[in-house]
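Beneath this line is the structure, given in structure tokens, with notes to follow.
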Amino acid sequence: EPRTQGYKYIGKPVARVDLSDKVFGAPIYGLDAEVPNILHAAIIRPSAVGATFKSADTAKAEGMPGVVKVVQMDDWVGVVAQSYPEALAAKSAIRVEWDVPQEWTEENLREVLQVGKGDDLLQQKKGSALSDDDEQAVRMEFRSPLGAHAQLEP
């Protein structure tokens, strides 16, 4: 049984003053900012680590509503539009071809990360070491999908 005596909030129900606003979409995010005459951009980056830009078919995007300009650089393609939804729609209409030296996937990521790593070294030892065939040895491996460090906005 948790000890909650003496605490003001821990162990007690607290009203969520922001819940109603979140449910009905009222909070203001950076994406909600409105600046007169501002343009919005959406960029297509390489499809894989180490990929280089080969070509892009931008014809469909260039004629879409709100598109001001399609920009092609050495290693990416971008769209400038009058609104963010228009920029995203035009971005989706662009077909980019990349030269991919090696396709990195969740399945082969572990193998790719091991290349050139060398042998595992014991960095710290506490207690007694267990042999591979010891029944007391517990070995676990945990994996999770790759995640982007990105703002939490719509």
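In the structure tokens, each chain is lettered A, B, ... as it comes, each chain's residues begin at 1, and ligands are numbered from 1 in order of appearance.
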Taking 6 positions as the minimum chain separation for residues in the same chain, which residues sit within 8 Å of stretch 84-90 of chain A when counting only C-alpha atoms? Answer as an mmCIF file with C-alpha atoms, in the first residue's frame.
data_model
loop_
_atom_site.group_PDB
_atom_site.id
_atom_site.type_symbol
_atom_site.label_atom_id
_atom_site.label_comp_id
_atom_site.auth_asym_id
_atom_site.auth_seq_id
_atom_site.Cartn_x
_atom_site.Cartn_y
_atom_site.Cartn_z
ATOM 1 C CA HIS A 40 5.133 27.586 -45.705
ATOM 2 C CA ALA A 41 7.632 24.938 -46.774
ATOM 3 C CA ALA A 42 7.766 21.164 -46.825
ATOM 4 C CA LYS A 60 2.447 17.728 -60.886
ATOM 5 C CA ALA A 61 3.379 19.702 -57.751
ATOM 6 C CA GLU A 62 4.285 22.861 -59.663
ATOM 7 C CA MET A 64 -1.044 22.629 -57.629
ATOM 8 C CA PRO A 65 -3.091 25.306 -55.821
ATOM 9 C CA GLY A 66 -1.108 27.563 -53.499
ATOM 10 C CA VAL A 67 2.318 26.415 -54.697
#
Exercise. Out of stretch 16-100 of chain A, which residues get alpha helix (DSSP H) from DSSP, as a ChimeraX atom specification?
Worked result: /A:19-23,59-62,84-93
Give me a file of those residues, with C-alpha atoms, as a tab-separated table (two decimals), in the first residue's frame.
chain	number	residue	atom	x	y	z
A	19	LEU	CA	-8.58	18.22	-20.55
A	20	SER	CA	-11.59	19.87	-22.17
A	21	ASP	CA	-9.41	22.15	-24.31
A	22	LYS	CA	-7.28	19.21	-25.48
A	23	VAL	CA	-10.33	17.11	-26.36
A	59	ALA	CA	5.63	18.72	-62.72
A	60	LYS	CA	2.45	17.73	-60.89
A	61	ALA	CA	3.38	19.70	-57.75
A	62	GLU	CA	4.29	22.86	-59.66
A	84	TYR	CA	1.04	24.35	-44.78
A	85	PRO	CA	-1.63	21.92	-46.05
A	86	GLU	CA	-0.92	23.07	-49.62
A	87	ALA	CA	2.82	22.54	-49.09
A	88	LEU	CA	2.20	19.02	-47.75
A	89	ALA	CA	-0.12	18.15	-50.64
A	90	ALA	CA	2.43	19.32	-53.20
A	91	LYS	CA	5.21	17.46	-51.40
A	92	SER	CA	3.17	14.26	-51.71
A	93	ALA	CA	2.84	14.83	-55.46
Exercise. Given the choices A:Val14, A:Ala33, A:Ile38, A:Ala56, which gets closest to A:Ile94 if the distance is worked out from only C-alpha atoms?
Worked result: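 Ranking A:Val14, A:Ala33, A:Ile38, A:Ala56 by distance to A:Ile94, first place goes to A:Ala56.
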For this session: Write out as number ranges by chain each polymer residue whose atoms come within 8 Å of A:Ala51, counting only C-alpha atoms; drop sequence neighbours fewer than 6 positions from it.
Result: A: 98-101
Writing out the chosen residues with C-alpha atoms as a PDB file, in the first residue's frame:
ATOM      1  CA  TRP A  98      17.441   8.320 -54.579  1.00  0.00           C
ATOM      2  CA  ASP A  99      20.671   6.362 -54.951  1.00  0.00           C
ATOM      3  CA  VAL A 100      20.684   4.209 -51.831  1.00  0.00           C
ATOM      4  CA  PRO A 101      24.051   2.592 -51.036  1.00  0.00           C
TER       5      PRO A 101
END
Exercise. If you run DSSP on this backbone, which residues of stretch 83-112 of chain A come out as strand (DSSP E), and could you give them as a PyMOL selection string?
Worked result: chain A and resi 95-99
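Taking atom CA of A:Leu39 and atom CA of A:Val96 as endpoints, the distance between them is 22.8 Å.
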For this session: Provide the atom CA of A:Ile43 to atom CA of A:Ile28 distance in Å, to one decimal place.
Result: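 So the two atoms, atom CA of A:Ile43 and atom CA of A:Ile28, lie 23.7 Å apart.
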Seminar exercise, completed: For A:Val71, the closest of A:Ile10, A:Leu31, A:Ile44, A:Val49 counting only C-alpha atoms is A:Ile44
